[in-house]
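Comments concern the structure below.
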Amino acid sequence: MTARMGCEGCKNGEALGFEFAMAFQPIVELPRGRVWGYEALVRGPAGEPAHQVLANVDAENRYRFDQACRVKSIETAAALFPRGADLRLSINFMPNAVYEPAACLRTSLAAAERTGIPRENILFEFTEQEEIRDVGHVERIIEAYRRHGFITAIDDFGAGYAGLNLLAKFQPDLLKIDMELIRGIESSHARQVILSALVWTARNLDVTLLAEGVESEAELTVLRAAGIELFQGYHFAKPAFQALPDVPILATTAEPGAAARVSPHRG
């Protein structure tokens, strides 16, 4: 009942009752020495941390908040992205906040059409930090998003509720490796073995790996040696409030001829 009420609230344009804005953190593709895209991160209207905004989200408004975040992310990115740039926009969403996948995509589709950001450049990622109450429902969400041309990802992979069991049930386009696995990987044999297994698994499932939370050159060296090409973290840039941060490291890391393997229209 609450889900239906929330969905109706989105459709009827009910106000949230609080304001928020977006910050952006780059995702870099090191072999090509470029910014591959940006993740949109919720902030308060004056740059307050995300937890202050999320403290206002409850069962009654989470559906409207989820929809409002998507629209705000797309509209803000469209204003910031250079015209004609081949950049992906990564948007977090709440799987448990999606009542009916096709209906809940309408505002995202309309915002993409209105702003001119191609659907195939929009990445929806859901986090394992939120308990998945209905895996079949998430499968239907992924299928619906793919039908409309969007890219899909599991965030914080290796943490939270599901892990490999979730990956066994459905395969998104990307897996974002949780930062806890990455932290200190240069001195941890166990972490390196697990990383190797993830690389092998992802390759055989035709899924692209993205290492998030990278904070040091030592971590980056191990990750690159394992074959990972997409990265995110403070080692490259911190999120910038309503702006696109510079990524100085890209000037020294390009390897001509390589490219990330992302297949947003995989079968």
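Residue names in the structure tokens use chain letters A, B, ... in the order shown, residue numbers from 1 in each chain, and ligand numbers from 1 in the order shown.
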| task | Compile the contact shell of segment 230-245 of chain A as JSON, numbers by chain: residues with an atom at most 6 Å away, counting only C-alpha atoms, same-chain residues fewer than 5 positions apart removed. | result | {"A": [22, 23, 24, 25, 27, 28, 29, 210, 211, 212, 213, 214, 215, 216]}
Can you spit out the residues from that selection as a PDB file, in the first residue's frame, using C-alpha atoms?
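To be explicit, this is the file written out as selection.pdb:
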ATOM      1  CA  MET A  22      24.073  17.212  -6.310  1.00  0.00           C
ATOM      2  CA  ALA A  23      27.838  16.793  -6.221  1.00  0.00           C
ATOM      3  CA  PHE A  24      29.791  14.953  -8.919  1.00  0.00           C
ATOM      4  CA  GLN A  25      32.756  12.584  -8.664  1.00  0.00           C
ATOM      5  CA  ILE A  27      34.934   7.875 -13.002  1.00  0.00           C
ATOM      6  CA  VAL A  28      38.162   7.591 -14.951  1.00  0.00           C
ATOM      7  CA  GLU A  29      39.199   5.228 -17.717  1.00  0.00           C
ATOM      8  CA  LEU A 210      34.925  -0.584 -11.696  1.00  0.00           C
ATOM      9  CA  ALA A 211      37.139  -0.081  -8.634  1.00  0.00           C
ATOM     10  CA  GLU A 212      35.694   2.565  -6.324  1.00  0.00           C
ATOM     11  CA  GLY A 213      37.223   4.214  -3.293  1.00  0.00           C
ATOM     12  CA  VAL A 214      40.794   4.143  -4.632  1.00  0.00           C
ATOM     13  CA  GLU A 215      42.949   6.319  -2.379  1.00  0.00           C
ATOM     14  CA  SER A 216      46.590   5.536  -3.120  1.00  0.00           C
TER      15      SER A 216
END
| request: Among the residues of segment 181-249 of chain A, find those DSSP assigns to alpha helix (DSSP H) from the backbone and print them as a ChimeraX atom specification. | output: /A:181-182,189-205,217-225
| said: Can you measure atom CA of Ala218 of chain A to atom CA of Glu186 of chain A for me? One decimal in Å is fine. | reply: 6.0 Å
| request: Compare A:Arg191, A:Glu180, A:Asn61, A:Ala40 by their minimum atom-to-atom distance to Leu123 of chain A, counting only C-alpha atoms, and give me the closest one. | output: A:Ala40
| query | Given the choices A:Thr152, A:Leu30, A:Phe20, A:Phe81, which gets closest to Gly227 of chain A if the distance is worked out from only C-alpha atoms? | reply |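 Checking each of A:Thr152, A:Leu30, A:Phe20, A:Phe81 against Gly227 of chain A, counting only C-alpha atoms, the winner is A:Leu30.
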| query | atom CA of Ala21 of chain A and atom CA of Val42 of chain A, how far apart in Å? | reply | 6.0 Å
| task | Find the distance between atom CA of Asn56 of chain A and atom CA of Ile91 of chain A and write it in Å to one decimal. | result |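 Rounded to one decimal, the two atoms are 19.4 Å apart.
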| task | Could you tell me which of A:Glu75, A:Asp206, A:Glu139, A:Glu229 comes closest to Thr115 of chain A if we count only C-alpha atoms? | result |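 Ranking A:Glu75, A:Asp206, A:Glu139, A:Glu229 by distance to Thr115 of chain A, first place goes to A:Glu75.
Restricting the calculation to only C-alpha atoms, the smallest distance between Gly116 of chain A and any of A:Ala168, A:Ile182, A:Leu205, A:Ala78 is found for A:Ala78.
Within 10 Å of Gly136 of chain A, once only C-alpha atoms are used and residues closer than 6 positions along the same chain are dropped, the contacting residues are Ile142, Lys169 and Phe170 of chain A.
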Hey, can you spit out that residue selection with N, CA, C and O atoms as an mmCIF file, in the first residue's frame?
data_model
loop_
_atom_site.group_PDB
_atom_site.id
_atom_site.type_symbol
_atom_site.label_atom_id
_atom_site.label_comp_id
_atom_site.auth_asym_id
_atom_site.auth_seq_id
_atom_site.Cartn_x
_atom_site.Cartn_y
_atom_site.Cartn_z
ATOM 1 N N ILE A 142 16.043 -4.384 -13.728
ATOM 2 C CA ILE A 142 17.202 -4.420 -14.623
ATOM 3 C C ILE A 142 16.765 -4.645 -16.061
ATOM 4 O O ILE A 142 17.239 -3.976 -16.996
ATOM 5 N N LYS A 169 22.093 -14.541 -9.841
ATOM 6 C CA LYS A 169 20.710 -14.445 -10.316
ATOM 7 C C LYS A 169 20.574 -13.530 -11.519
ATOM 8 O O LYS A 169 19.762 -13.765 -12.392
ATOM 9 N N PHE A 170 21.348 -12.476 -11.578
ATOM 10 C CA PHE A 170 21.323 -11.605 -12.756
ATOM 11 C C PHE A 170 22.643 -10.852 -12.842
ATOM 12 O O PHE A 170 23.331 -10.629 -11.850
#
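Of the listed residues A:Pro118, A:Leu167, A:Arg224, A:Asp173, the one whose atoms come nearest to Gln192 of chain A is A:Arg224, with distances taken using only C-alpha atoms.
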| Looking at only C-alpha atoms, which of A:Arg43, A:Ala68, A:Ile249, A:Val199 is the one that sits closest to Ile228 of chain A? | A:Val199
| request: Would you kindly return, as JSON, numbers by chain, each protein, DNA or RNA residue with an atom no farther than 9 Å from any atom of Leu174 of chain A, considering only C-alpha atoms and excluding same-chain residues fewer than 2 positions away? | output: {"A": [125, 151, 152, 153, 154, 155, 171, 172, 176, 202, 207, 208, 209, 210, 262, 263]}
